>>> print(open('coords.txt').read())   # compact mmCIF, C-alpha atoms
# COMPACT_ATOMS: atom_id res chain seq x y z
CA MET A 1 71.09 -103.61 -115.76
CA PRO A 2 67.56 -105.03 -116.01
CA ILE A 3 64.59 -102.78 -115.39
CA LEU A 4 62.35 -104.19 -112.64
CA LYS A 5 58.59 -104.11 -112.87
CA ASN A 6 57.20 -101.59 -110.37
CA PRO A 7 53.68 -100.17 -110.83
CA ASN A 8 54.49 -97.34 -108.37
CA ILE A 9 57.09 -96.03 -110.63
CA GLU A 10 56.02 -94.38 -113.77
CA GLY A 11 56.52 -96.77 -116.59
CA GLY A 12 57.44 -99.45 -114.11
CA ASP A 13 54.78 -101.85 -115.46
CA LEU A 14 56.54 -102.10 -118.74
CA GLN A 15 58.16 -105.40 -119.49
CA HIS A 16 61.72 -105.53 -120.39
CA TYR A 17 62.17 -106.80 -123.90
CA VAL A 18 63.77 -110.24 -124.14
CA SER A 19 64.73 -111.48 -127.54
CA PRO A 20 63.10 -114.84 -128.57
CA ARG A 21 66.50 -116.47 -128.72
CA LYS A 22 67.15 -115.62 -125.11
CA GLN A 23 63.70 -116.61 -123.88
CA ARG A 24 63.60 -119.54 -121.48
CA PRO A 25 62.22 -122.66 -123.17
CA GLU A 26 58.81 -123.68 -121.87
CA ALA A 27 58.64 -126.95 -119.98
CA SER A 28 57.92 -129.75 -122.50
CA VAL A 29 54.34 -130.93 -122.05
CA LYS A 30 53.88 -134.70 -122.13
CA LEU A 31 51.46 -135.55 -124.90
CA GLN A 32 49.99 -138.98 -124.18
CA PRO A 33 46.92 -140.20 -126.01
CA PRO A 34 44.30 -141.85 -123.80
CA LEU A 35 45.07 -145.57 -123.85
CA THR A 36 42.09 -146.81 -121.91
CA PRO A 37 39.58 -147.09 -124.82
CA MET A 38 42.16 -148.87 -126.95
CA ILE A 39 42.89 -151.39 -124.20
CA ASP A 40 39.15 -151.91 -123.71
CA VAL A 41 38.61 -152.65 -127.39
CA THR A 42 41.66 -154.89 -127.50
CA PHE A 43 40.41 -156.97 -124.59
CA GLN A 44 37.00 -157.22 -126.20
CA LEU A 45 38.61 -158.58 -129.36
CA LEU A 46 40.77 -160.98 -127.39
CA LEU A 47 37.79 -162.32 -125.46
CA TYR A 48 35.80 -162.72 -128.67
CA PHE A 49 38.53 -164.78 -130.32
CA LEU A 50 39.15 -166.83 -127.17
CA LEU A 51 35.50 -167.75 -126.86
CA THR A 52 34.68 -168.36 -130.50
CA SER A 53 37.78 -170.15 -131.76
CA THR A 54 37.69 -173.91 -132.08
CA PHE A 55 40.78 -175.80 -133.08
CA ARG A 56 40.03 -178.21 -135.87
CA GLU A 57 42.29 -180.89 -137.21
CA ASP A 58 43.43 -180.39 -140.75
CA GLU A 59 41.30 -182.24 -143.29
CA GLY A 60 42.60 -183.73 -146.50
CA GLN A 61 41.64 -186.13 -149.27
CA ILE A 62 42.64 -189.72 -149.90
CA PRO A 63 42.63 -190.01 -153.68
CA GLY A 64 40.80 -192.93 -155.23
CA SER A 65 38.83 -193.78 -158.30
CA LEU A 66 35.36 -194.87 -159.30
CA PRO A 67 34.91 -197.08 -162.33
CA ALA A 68 33.50 -195.07 -165.21
CA GLN A 69 30.94 -197.65 -166.22
CA GLY A 70 29.36 -200.67 -164.66
CA GLY A 71 29.11 -199.66 -161.03
CA ILE A 72 31.53 -199.93 -158.17
CA ALA A 73 32.23 -203.63 -158.56
CA ALA A 74 33.45 -203.26 -162.11
CA MET A 75 37.17 -203.31 -161.65
CA GLN A 76 39.70 -202.80 -164.36
CA VAL A 77 40.18 -206.04 -166.21
CA THR A 78 43.66 -207.28 -165.47
CA PRO A 79 45.14 -210.77 -165.61
CA LEU A 80 46.05 -210.39 -161.95
CA LYS A 81 43.88 -211.96 -159.31
CA PRO A 82 42.33 -209.25 -157.13
CA ILE A 83 43.04 -209.03 -153.40
CA ARG A 84 39.77 -209.00 -151.50
CA ILE A 85 39.47 -207.28 -148.13
CA MET A 86 36.37 -208.37 -146.23
CA LEU A 87 35.32 -206.07 -143.41
CA VAL A 88 33.60 -207.76 -140.49
CA PRO A 89 32.00 -205.65 -137.73
CA THR A 90 33.10 -206.92 -134.34
CA THR A 91 32.50 -206.28 -130.67
CA GLY A 92 34.85 -203.65 -129.36
CA ALA A 93 36.73 -203.48 -126.08
CA ASP A 94 33.85 -201.57 -124.50
CA GLY A 95 31.46 -204.44 -125.25
CA GLY A 96 29.39 -202.56 -127.82
CA TYR A 97 28.52 -204.27 -131.10
CA ASN A 98 30.01 -202.83 -134.27
CA THR A 99 32.51 -200.69 -132.41
CA ASP A 100 35.48 -202.37 -134.04
CA ALA A 101 36.20 -204.23 -137.25
CA ARG A 102 38.20 -207.19 -138.50
CA TYR A 103 39.82 -207.21 -141.92
CA ASP A 104 39.93 -210.59 -143.66
CA VAL A 105 42.33 -210.62 -146.58
CA ASP A 106 41.16 -213.15 -149.18
CA ASN A 107 39.33 -214.98 -146.37
CA LEU A 108 42.69 -216.36 -145.24
CA GLN A 109 44.36 -213.85 -142.99
CA PRO A 110 42.14 -212.14 -140.42
CA VAL A 111 43.75 -208.98 -139.06
CA TYR A 112 42.51 -206.72 -136.33
CA SER A 113 44.33 -203.47 -136.99
CA PRO A 114 44.87 -201.25 -140.05
CA ALA A 115 48.63 -201.38 -139.44
CA GLU A 116 48.62 -205.19 -139.79
CA LEU A 117 46.43 -204.90 -142.89
CA TYR A 118 48.95 -202.50 -144.42
CA ARG A 119 51.82 -204.91 -143.74
CA ILE A 120 49.94 -207.82 -145.36
CA LEU A 121 49.04 -205.72 -148.41
CA LEU A 122 52.63 -204.58 -148.74
CA SER A 123 53.93 -208.15 -148.60
CA ARG A 124 51.35 -209.20 -151.22
CA LYS A 125 52.45 -206.38 -153.48
CA GLN A 126 56.08 -207.38 -153.13
CA ALA A 127 55.16 -211.01 -153.83
CA VAL A 128 53.38 -210.25 -157.11
CA ARG A 129 55.77 -207.37 -157.95
CA SER A 130 52.96 -205.20 -159.22
CA ASP A 131 50.92 -202.32 -157.92
CA GLU A 132 48.27 -202.96 -160.60
CA VAL A 133 46.69 -205.77 -158.58
CA PRO A 134 43.07 -204.75 -157.99
CA ILE A 135 42.04 -204.32 -154.37
CA VAL A 136 38.35 -204.97 -153.76
CA ILE A 137 36.91 -203.83 -150.44
CA HIS A 138 33.85 -205.80 -149.36
CA ALA A 139 32.08 -203.69 -146.76
CA PRO A 140 28.80 -204.93 -145.27
CA PRO A 141 26.06 -202.27 -145.06
CA ALA A 142 26.28 -201.99 -141.26
CA VAL A 143 30.02 -201.39 -140.99
CA ARG A 144 31.09 -197.93 -139.89
CA TRP A 145 32.58 -195.57 -142.46
CA GLN A 146 35.67 -195.16 -140.23
CA PHE A 147 36.70 -198.81 -140.86
CA VAL A 148 35.99 -198.58 -144.59
CA VAL A 149 38.29 -195.54 -144.72
CA GLU A 150 40.92 -197.48 -142.69
CA ALA A 151 40.92 -200.31 -145.27
CA PHE A 152 40.99 -197.87 -148.19
CA ASN A 153 43.80 -195.88 -146.55
CA ALA A 154 45.87 -199.04 -145.92
CA ALA A 155 45.61 -199.93 -149.63
CA VAL A 156 46.59 -196.40 -150.68
CA HIS A 157 49.45 -196.49 -148.15
CA ALA A 158 50.69 -199.76 -149.71
CA LYS A 159 50.67 -197.83 -153.03
CA PHE A 160 48.12 -199.91 -154.90
CA LYS A 161 46.68 -198.08 -157.87
CA ASN A 162 43.44 -199.92 -158.49
CA ILE A 163 41.23 -199.81 -155.38
CA GLY A 164 37.47 -200.27 -155.49
CA PHE A 165 34.41 -201.35 -153.55
CA ALA A 166 32.25 -204.40 -154.06
CA PRO A 167 28.50 -203.77 -154.08
CA THR A 168 26.70 -204.71 -150.89
CA GLY A 169 23.45 -205.76 -152.56
CA MET B 170 61.89 -133.65 -78.69
CA VAL B 171 59.56 -132.88 -81.46
CA ARG B 172 59.16 -135.47 -84.04
CA ILE B 173 58.87 -134.14 -87.47
CA LYS B 174 56.81 -136.40 -89.64
CA LYS B 175 57.92 -136.50 -93.17
CA LYS B 176 55.04 -136.02 -95.45
CA VAL B 177 55.05 -138.67 -98.12
CA SER B 178 54.05 -136.97 -101.27
CA SER B 179 51.28 -138.82 -103.04
CA ALA B 180 53.26 -140.00 -106.00
CA ASN B 181 51.53 -140.96 -109.21
CA ILE B 182 52.04 -144.72 -109.41
CA GLU B 183 51.62 -145.74 -113.03
CA ILE B 184 51.68 -149.32 -114.24
CA ASN B 185 53.67 -149.84 -117.36
CA MET B 186 51.00 -150.99 -119.81
CA THR B 187 53.21 -151.39 -122.87
CA PRO B 188 54.24 -155.08 -122.41
CA MET B 189 50.66 -156.05 -121.64
CA ILE B 190 49.34 -154.34 -124.76
CA ASP B 191 52.12 -155.99 -126.79
CA CYS B 192 51.15 -159.44 -125.52
CA THR B 193 47.47 -158.80 -126.14
CA PHE B 194 48.09 -157.76 -129.72
CA GLN B 195 50.27 -160.82 -130.26
CA LEU B 196 47.41 -163.02 -129.05
CA ILE B 197 44.86 -161.27 -131.24
CA ILE B 198 47.07 -161.65 -134.31
CA PHE B 199 47.55 -165.34 -133.47
CA PHE B 200 43.80 -165.94 -133.22
CA ILE B 201 43.07 -164.01 -136.41
CA LEU B 202 45.65 -166.01 -138.36
CA THR B 203 44.67 -169.42 -137.01
CA ALA B 204 40.91 -168.94 -137.17
CA GLN B 205 39.33 -171.07 -139.87
CA MET B 206 36.61 -169.55 -141.89
CA ALA B 207 33.34 -171.38 -141.76
CA SER B 208 32.45 -172.62 -145.18
CA GLN B 209 29.04 -173.51 -146.44
CA ASP B 210 30.50 -176.49 -148.27
CA LEU B 211 31.72 -178.05 -145.04
CA ALA B 212 28.81 -179.41 -143.06
CA LYS B 213 29.27 -180.12 -139.37
CA LEU B 214 30.43 -183.70 -138.93
CA VAL B 215 33.32 -185.73 -137.51
CA VAL B 216 35.64 -186.80 -140.30
CA PRO B 217 37.34 -190.26 -140.02
CA LYS B 218 40.89 -190.30 -138.74
CA PRO B 219 42.66 -193.36 -140.15
CA SER B 220 45.92 -194.51 -138.63
CA GLU B 221 48.87 -193.39 -140.76
CA SER B 222 46.48 -191.32 -142.84
CA MET B 223 47.42 -190.85 -146.47
CA ALA B 224 45.09 -187.87 -146.79
CA LEU B 225 46.64 -185.04 -148.71
CA SER B 226 46.18 -181.64 -147.18
CA THR B 227 44.79 -179.05 -149.52
CA GLU B 228 44.53 -175.31 -149.27
CA THR B 229 40.90 -175.62 -150.29
CA LYS B 230 39.77 -176.51 -146.79
CA GLN B 231 40.71 -173.13 -145.42
CA GLY B 232 37.63 -171.57 -146.92
CA MET B 233 38.30 -169.69 -150.11
CA GLU B 234 38.81 -172.26 -152.84
CA VAL B 235 36.47 -174.93 -151.61
CA ASN B 236 34.08 -174.56 -154.54
CA LYS B 237 36.33 -175.82 -157.29
CA PRO B 238 34.43 -176.08 -160.55
CA ASN B 239 35.69 -179.62 -161.23
CA GLN B 240 34.52 -181.18 -157.98
CA VAL B 241 31.35 -181.96 -156.12
CA THR B 242 31.59 -182.38 -152.36
CA VAL B 243 28.91 -184.53 -150.79
CA ASN B 244 28.61 -184.18 -147.03
CA ILE B 245 26.90 -187.14 -145.40
CA VAL B 246 25.76 -186.08 -141.96
CA ASN B 247 24.19 -187.89 -139.04
CA GLU B 248 22.20 -186.64 -136.07
CA TYR B 249 25.32 -185.91 -134.01
CA GLY B 250 26.79 -183.24 -136.28
CA ASP B 251 30.28 -182.28 -135.13
CA GLN B 252 29.68 -183.42 -131.56
CA LYS B 253 32.37 -185.93 -130.59
CA GLU B 254 31.18 -186.75 -127.08
CA ASN B 255 27.90 -188.31 -125.99
CA ARG B 256 27.66 -190.52 -129.05
CA ASP B 257 26.25 -193.99 -128.65
CA PRO B 258 29.37 -196.16 -128.95
CA GLY B 259 27.33 -199.32 -129.37
CA ARG B 260 25.72 -198.47 -132.67
CA SER B 261 26.64 -197.02 -135.98
CA SER B 262 24.49 -194.14 -137.11
CA GLN B 263 22.17 -193.60 -140.03
CA PRO B 264 22.65 -190.64 -142.33
CA VAL B 265 20.19 -187.78 -141.85
CA CYS B 266 20.70 -186.07 -145.20
CA TYR B 267 23.20 -185.31 -147.93
CA LYS B 268 24.50 -181.76 -148.19
CA ILE B 269 26.04 -180.33 -151.34
CA GLY B 270 26.94 -176.71 -150.71
CA SER B 271 23.77 -175.04 -149.48
CA GLN B 272 21.54 -177.75 -150.95
CA THR B 273 20.11 -180.45 -148.71
CA ILE B 274 19.06 -183.71 -150.32
CA GLU B 275 16.94 -186.30 -148.62
CA ILE B 276 18.30 -189.77 -148.09
CA GLY B 277 17.16 -192.04 -150.90
CA ASP B 278 16.62 -189.22 -153.39
CA THR B 279 19.26 -190.50 -155.78
CA ALA B 280 17.50 -188.81 -158.71
CA ALA B 281 18.25 -185.39 -157.17
CA LEU B 282 21.86 -186.46 -156.53
CA LEU B 283 22.22 -187.61 -160.13
CA ASP B 284 20.83 -184.29 -161.43
CA ILE B 285 23.33 -182.30 -159.36
CA PHE B 286 26.25 -184.51 -160.40
CA GLN B 287 25.36 -184.21 -164.07
CA LEU B 288 24.81 -180.45 -163.84
CA ARG B 289 28.11 -179.84 -162.05
CA LYS B 290 29.94 -182.11 -164.48
CA SER B 291 28.55 -180.34 -167.51
CA ASN B 292 29.39 -176.94 -165.95
CA ALA B 293 32.97 -178.13 -165.42
CA GLU B 294 33.19 -179.23 -169.03
CA LYS B 295 31.88 -175.84 -170.15
CA ALA B 296 34.57 -174.23 -167.99
CA GLY B 297 37.21 -176.15 -169.94
CA TYR B 298 37.80 -179.21 -167.74
CA LYS B 299 38.03 -182.65 -169.31
CA ALA B 300 35.35 -185.20 -168.37
CA GLY B 301 37.97 -187.30 -166.58
CA ASP B 302 39.12 -184.38 -164.43
CA PHE B 303 35.82 -184.09 -162.58
CA TYR B 304 35.77 -185.81 -159.22
CA LEU B 305 33.51 -186.66 -156.34
CA GLU B 306 34.57 -185.83 -152.81
CA ILE B 307 32.92 -187.90 -150.10
CA ARG B 308 32.91 -186.21 -146.73
CA ALA B 309 31.04 -188.54 -144.42
CA ASP B 310 30.80 -188.81 -140.66
CA ARG B 311 33.03 -191.55 -139.21
CA ASP B 312 30.14 -193.40 -137.53
CA ILE B 313 27.80 -193.54 -140.51
CA GLU B 314 27.04 -196.99 -141.87
CA PHE B 315 28.50 -197.88 -145.23
CA ALA B 316 24.92 -198.37 -146.46
CA GLY B 317 24.50 -194.58 -146.20
CA VAL B 318 27.58 -193.83 -148.32
CA GLU B 319 27.29 -196.46 -151.01
CA PRO B 320 24.33 -194.87 -152.88
CA VAL B 321 26.42 -191.72 -153.40
CA MET B 322 29.22 -193.76 -154.99
CA LEU B 323 26.79 -195.68 -157.19
CA THR B 324 25.07 -192.48 -158.34
CA ALA B 325 28.42 -190.85 -159.11
CA ALA B 326 29.44 -193.87 -161.18
CA GLU B 327 26.09 -193.62 -162.99
CA ALA B 328 26.79 -189.94 -163.74
CA GLY B 329 30.08 -190.95 -165.34
CA ILE B 330 32.35 -189.62 -162.62
CA SER B 331 35.53 -191.65 -162.51
CA LYS B 332 37.52 -190.01 -159.72
CA MET B 333 36.67 -190.07 -156.04
CA ASN B 334 38.37 -188.55 -153.02
CA ILE B 335 37.62 -189.54 -149.47
CA THR B 336 37.95 -186.81 -146.85
CA ALA B 337 39.95 -187.79 -143.77
CA ILE B 338 42.08 -186.13 -141.12
CA VAL B 339 45.62 -185.42 -142.23
CA ASP B 340 48.46 -187.13 -140.35
CA GLU B 341 51.29 -184.66 -139.83
CA LYS B 342 53.88 -187.48 -139.51
CA MET B 343 52.85 -188.95 -142.85
CA LYS B 344 53.36 -185.58 -144.53
CA VAL B 345 57.07 -185.94 -143.76
CA ASN B 346 57.28 -189.62 -144.73
CA ARG B 347 55.37 -189.21 -147.99
>>> encode(input="coords.txt", output="structure tokens")
Amino acid sequence: MPILKNPNIEGGDLQHYVSPRKQRPEASVKLQPPLTPMIDVTFQLLLYFLLTSTFREDEGQIPGSLPAQGGIAAMQVTPLKPIRIMLVPTTGADGGYNTDARYDVDNLQPVYSPAELYRILLSRKQAVRSDEVPIVIHAPPAVRWQFVVEAFNAAVHAKFKNIGFAPTG
Amino acid sequence: MVRIKKKVSSANIEINMTPMIDCTFQLIIFFILTAQMASQDLAKLVVPKPSESMALSTETKQGMEVNKPNQVTVNIVNEYGDQKENRDPGRSSQPVCYKIGSQTIEIGDTAALLDIFQLRKSNAEKAGYKAGDFYLEIRADRDIEFAGVEPVMLTAAEAGISKMNITAIVDEKMKVNR
């Protein structure tokens, strides 16, 4: 029979001994770290990245070659007749001068798009059955770099090995 | 009849924050991984984007390996920088300067260009590269006139550089077809 606590009774304020094994378990306290500062910092980081990030297109290199001696016009001496691509600045669809370009292949076939130029170069390569045919790009000083790169890229796409530039001077 | 109003105990309404924090962390990781490091070698300009581009993507553009000892990258910039809009569509632009790493070279100063090319080439040879392995990388704005690019090619040829790469935007479709 348990002894009740009663201060009026002598010795009534004594606590009855309860063994630790029989003690009632204390209510489990929820330990939660404060999340607010972490969320604040996280949002700061997110905002920083959202505002500062710019999505750039992937850059790469179109491989080519420069003649070791004799300037740009000095092409490798081959018995094959070179294919000459003449770039002509033209008026674009928006009416502005030099906003587009025409590609004249050997002054015979004028083409207006790099895709057409590629097809012509490919057919020439198949006709001569050689990728050693020199390609000489004649770019006037005023033509935009974009169109020079288009012509160069079309020649690389057609898998010609010997591509160079004629001097403008 | 006495109505007994039930007292609604003020319950602690807690929003479950876990999914939101998860999403936020996912976004942060995405931005960290996709962010491209700004490199001193890459001046601000708009690179040409040829149709069916044959440009080969390299790891070097992501920042770390851009300063290869056997290459010299010449950035040819105009007044627009990397601004794509508000350009005058009716005229091609003149180059403002050449940039090689942190060095800025004035237009027409081909002697300075030649000195840099020769120095870089000799450094590459000292590092064990063959003379033929050294190459010039031309990174010019798409709207610059060819007259602004040609002197760089001529000077490189004068310095005995035989290889040249042209920087352009990579075509993802061509990566598969190549």
>>> interface_residues(input="coords.txt", of="chain B", to="chain A", cutoff="8 Å", atoms="all atoms listed in the file", output="PDB file with C-alpha atoms, in the frame of the given file")
ATOM      1  CA  ILE B 190      49.340-154.340-124.760  1.00  0.00           C
ATOM      2  CA  THR B 193      47.470-158.800-126.140  1.00  0.00           C
ATOM      3  CA  PHE B 194      48.090-157.760-129.720  1.00  0.00           C
ATOM      4  CA  LEU B 196      47.410-163.020-129.050  1.00  0.00           C
ATOM      5  CA  ILE B 197      44.860-161.270-131.240  1.00  0.00           C
ATOM      6  CA  PHE B 200      43.800-165.940-133.220  1.00  0.00           C
ATOM      7  CA  ILE B 201      43.070-164.010-136.410  1.00  0.00           C
ATOM      8  CA  ALA B 204      40.910-168.940-137.170  1.00  0.00           C
ATOM      9  CA  VAL B 216      35.640-186.800-140.300  1.00  0.00           C
ATOM     10  CA  PRO B 217      37.340-190.260-140.020  1.00  0.00           C
ATOM     11  CA  LYS B 218      40.890-190.300-138.740  1.00  0.00           C
ATOM     12  CA  PRO B 219      42.660-193.360-140.150  1.00  0.00           C
ATOM     13  CA  SER B 220      45.920-194.510-138.630  1.00  0.00           C
ATOM     14  CA  SER B 222      46.480-191.320-142.840  1.00  0.00           C
ATOM     15  CA  MET B 223      47.420-190.850-146.470  1.00  0.00           C
ATOM     16  CA  ALA B 224      45.090-187.870-146.790  1.00  0.00           C
ATOM     17  CA  LEU B 225      46.640-185.040-148.710  1.00  0.00           C
ATOM     18  CA  SER B 226      46.180-181.640-147.180  1.00  0.00           C
ATOM     19  CA  THR B 227      44.790-179.050-149.520  1.00  0.00           C
ATOM     20  CA  LYS B 230      39.770-176.510-146.790  1.00  0.00           C
ATOM     21  CA  PRO B 258      29.370-196.160-128.950  1.00  0.00           C
ATOM     22  CA  GLY B 259      27.330-199.320-129.370  1.00  0.00           C
ATOM     23  CA  ARG B 260      25.720-198.470-132.670  1.00  0.00           C
ATOM     24  CA  SER B 261      26.640-197.020-135.980  1.00  0.00           C
ATOM     25  CA  GLU B 306      34.570-185.830-152.810  1.00  0.00           C
ATOM     26  CA  ALA B 309      31.040-188.540-144.420  1.00  0.00           C
ATOM     27  CA  ASP B 310      30.800-188.810-140.660  1.00  0.00           C
ATOM     28  CA  ARG B 311      33.030-191.550-139.210  1.00  0.00           C
ATOM     29  CA  ASP B 312      30.140-193.400-137.530  1.00  0.00           C
ATOM     30  CA  ILE B 313      27.800-193.540-140.510  1.00  0.00           C
ATOM     31  CA  GLU B 314      27.040-196.990-141.870  1.00  0.00           C
ATOM     32  CA  PHE B 315      28.500-197.880-145.230  1.00  0.00           C
ATOM     33  CA  ALA B 316      24.920-198.370-146.460  1.00  0.00           C
ATOM     34  CA  GLY B 317      24.500-194.580-146.200  1.00  0.00           C
ATOM     35  CA  VAL B 318      27.580-193.830-148.320  1.00  0.00           C
ATOM     36  CA  MET B 322      29.220-193.760-154.990  1.00  0.00           C
ATOM     37  CA  LEU B 323      26.790-195.680-157.190  1.00  0.00           C
ATOM     38  CA  ALA B 326      29.440-193.870-161.180  1.00  0.00           C
ATOM     39  CA  GLU B 327      26.090-193.620-162.990  1.00  0.00           C
ATOM     40  CA  GLY B 329      30.080-190.950-165.340  1.00  0.00           C
ATOM     41  CA  ILE B 330      32.350-189.620-162.620  1.00  0.00           C
ATOM     42  CA  SER B 331      35.530-191.650-162.510  1.00  0.00           C
ATOM     43  CA  LYS B 332      37.520-190.010-159.720  1.00  0.00           C
ATOM     44  CA  MET B 333      36.670-190.070-156.040  1.00  0.00           C
ATOM     45  CA  ASN B 334      38.370-188.550-153.020  1.00  0.00           C
ATOM     46  CA  ILE B 335      37.620-189.540-149.470  1.00  0.00           C
ATOM     47  CA  THR B 336      37.950-186.810-146.850  1.00  0.00           C
ATOM     48  CA  ALA B 337      39.950-187.790-143.770  1.00  0.00           C
ATOM     49  CA  ILE B 338      42.080-186.130-141.120  1.00  0.00           C
ATOM     50  CA  VAL B 339      45.620-185.420-142.230  1.00  0.00           C
TER      51      VAL B 339
END
>>> atom_distance(input="coords.txt", atom1="atom CA of A:Ile135", atom2="atom CA of B:Gly277")
28.0 Å
>>> atom_distance(input="coords.txt", atom1="atom CA of A:Asn107", atom2="atom CA of A:Lys159")
21.6 Å
>>> atom_distance(input="coords.txt", atom1="atom CA of B:Gln287", atom2="atom CA of B:Ala300")
10.9 Å
>>> closest_residue(input="coords.txt", among="B:Leu283, B:Leu288, B:Met189, B:Val321", to="B:Pro264", atoms="all atoms listed in the file")
B:Val321
>>> residues_around(input="coords.txt", residues="A:Leu117", least_positions_apart="4", cutoff="10 Å", atoms="all atoms listed in the file", output="PyMOL selection string")
chain A and resi 85+102-105+109-113+121-123+150-151+154-155+158
>>> residues_around(input="coords.txt", residues="A:Arg124", least_positions_apart="5", cutoff="9 Å", atoms="all atoms listed in the file", output="PyMOL selection string")
chain A and resi 83+119+129
>>> build_atoms(input="coords.txt", residues="stretch 298-319 of chain B", atoms="N, CA and C atoms", output="PDB file, keeping the file's coordinate frame")
ATOM      1  N   TYR B 298      37.229-178.002-168.340  1.00  0.00           N
ATOM      2  CA  TYR B 298      37.800-179.210-167.740  1.00  0.00           C
ATOM      3  C   TYR B 298      37.422-180.422-168.584  1.00  0.00           C
ATOM      4  N   LYS B 299      38.340-181.403-168.594  1.00  0.00           N
ATOM      5  CA  LYS B 299      38.030-182.650-169.310  1.00  0.00           C
ATOM      6  C   LYS B 299      37.078-183.476-168.447  1.00  0.00           C
ATOM      7  N   ALA B 300      36.336-184.378-169.095  1.00  0.00           N
ATOM      8  CA  ALA B 300      35.350-185.200-168.370  1.00  0.00           C
ATOM      9  C   ALA B 300      36.034-186.030-167.271  1.00  0.00           C
ATOM     10  N   GLY B 301      37.239-186.467-167.543  1.00  0.00           N
ATOM     11  CA  GLY B 301      37.970-187.300-166.580  1.00  0.00           C
ATOM     12  C   GLY B 301      38.541-186.527-165.408  1.00  0.00           C
ATOM     13  N   ASP B 302      38.545-185.203-165.504  1.00  0.00           N
ATOM     14  CA  ASP B 302      39.120-184.380-164.430  1.00  0.00           C
ATOM     15  C   ASP B 302      38.111-184.043-163.330  1.00  0.00           C
ATOM     16  N   PHE B 303      36.859-184.396-163.576  1.00  0.00           N
ATOM     17  CA  PHE B 303      35.820-184.090-162.580  1.00  0.00           C
ATOM     18  C   PHE B 303      35.826-185.188-161.515  1.00  0.00           C
ATOM     19  N   TYR B 304      35.753-184.784-160.267  1.00  0.00           N
ATOM     20  CA  TYR B 304      35.770-185.810-159.220  1.00  0.00           C
ATOM     21  C   TYR B 304      34.757-185.556-158.108  1.00  0.00           C
ATOM     22  N   LEU B 305      34.445-186.675-157.465  1.00  0.00           N
ATOM     23  CA  LEU B 305      33.510-186.660-156.340  1.00  0.00           C
ATOM     24  C   LEU B 305      34.318-186.654-155.048  1.00  0.00           C
ATOM     25  N   GLU B 306      33.929-185.817-154.119  1.00  0.00           N
ATOM     26  CA  GLU B 306      34.570-185.830-152.810  1.00  0.00           C
ATOM     27  C   GLU B 306      33.541-186.279-151.782  1.00  0.00           C
ATOM     28  N   ILE B 307      33.842-187.387-151.122  1.00  0.00           N
ATOM     29  CA  ILE B 307      32.920-187.900-150.100  1.00  0.00           C
ATOM     30  C   ILE B 307      33.407-187.465-148.737  1.00  0.00           C
ATOM     31  N   ARG B 308      32.578-186.695-148.075  1.00  0.00           N
ATOM     32  CA  ARG B 308      32.910-186.210-146.730  1.00  0.00           C
ATOM     33  C   ARG B 308      31.800-186.721-145.799  1.00  0.00           C
ATOM     34  N   ALA B 309      32.059-187.899-145.242  1.00  0.00           N
ATOM     35  CA  ALA B 309      31.040-188.540-144.420  1.00  0.00           C
ATOM     36  C   ALA B 309      31.475-188.631-142.970  1.00  0.00           C
ATOM     37  N   ASP B 310      30.506-188.667-142.079  1.00  0.00           N
ATOM     38  CA  ASP B 310      30.800-188.810-140.660  1.00  0.00           C
ATOM     39  C   ASP B 310      31.389-190.207-140.418  1.00  0.00           C
ATOM     40  N   ARG B 311      32.304-190.298-139.465  1.00  0.00           N
ATOM     41  CA  ARG B 311      33.030-191.550-139.210  1.00  0.00           C
ATOM     42  C   ARG B 311      32.114-192.690-138.760  1.00  0.00           C
ATOM     43  N   ASP B 312      31.000-192.364-138.098  1.00  0.00           N
ATOM     44  CA  ASP B 312      30.140-193.400-137.530  1.00  0.00           C
ATOM     45  C   ASP B 312      28.987-193.810-138.431  1.00  0.00           C
ATOM     46  N   ILE B 313      28.906-193.205-139.595  1.00  0.00           N
ATOM     47  CA  ILE B 313      27.800-193.540-140.510  1.00  0.00           C
ATOM     48  C   ILE B 313      28.027-194.926-141.110  1.00  0.00           C
ATOM     49  N   GLU B 314      26.952-195.654-141.260  1.00  0.00           N
ATOM     50  CA  GLU B 314      27.040-196.990-141.870  1.00  0.00           C
ATOM     51  C   GLU B 314      27.421-196.879-143.347  1.00  0.00           C
ATOM     52  N   PHE B 315      28.100-197.874-143.821  1.00  0.00           N
ATOM     53  CA  PHE B 315      28.500-197.880-145.230  1.00  0.00           C
ATOM     54  C   PHE B 315      27.275-197.825-146.156  1.00  0.00           C
ATOM     55  N   ALA B 316      26.168-198.371-145.668  1.00  0.00           N
ATOM     56  CA  ALA B 316      24.920-198.370-146.460  1.00  0.00           C
ATOM     57  C   ALA B 316      24.452-196.944-146.769  1.00  0.00           C
ATOM     58  N   GLY B 317      24.878-195.978-145.959  1.00  0.00           N
ATOM     59  CA  GLY B 317      24.500-194.580-146.200  1.00  0.00           C
ATOM     60  C   GLY B 317      25.417-193.885-147.191  1.00  0.00           C
ATOM     61  N   VAL B 318      26.583-194.459-147.429  1.00  0.00           N
ATOM     62  CA  VAL B 318      27.580-193.830-148.320  1.00  0.00           C
ATOM     63  C   VAL B 318      27.527-194.454-149.717  1.00  0.00           C
ATOM     64  N   GLU B 319      27.247-195.726-149.742  1.00  0.00           N
ATOM     65  CA  GLU B 319      27.290-196.460-151.010  1.00  0.00           C
ATOM     66  C   GLU B 319      26.410-195.869-152.110  1.00  0.00           C
TER      67      GLU B 319
END
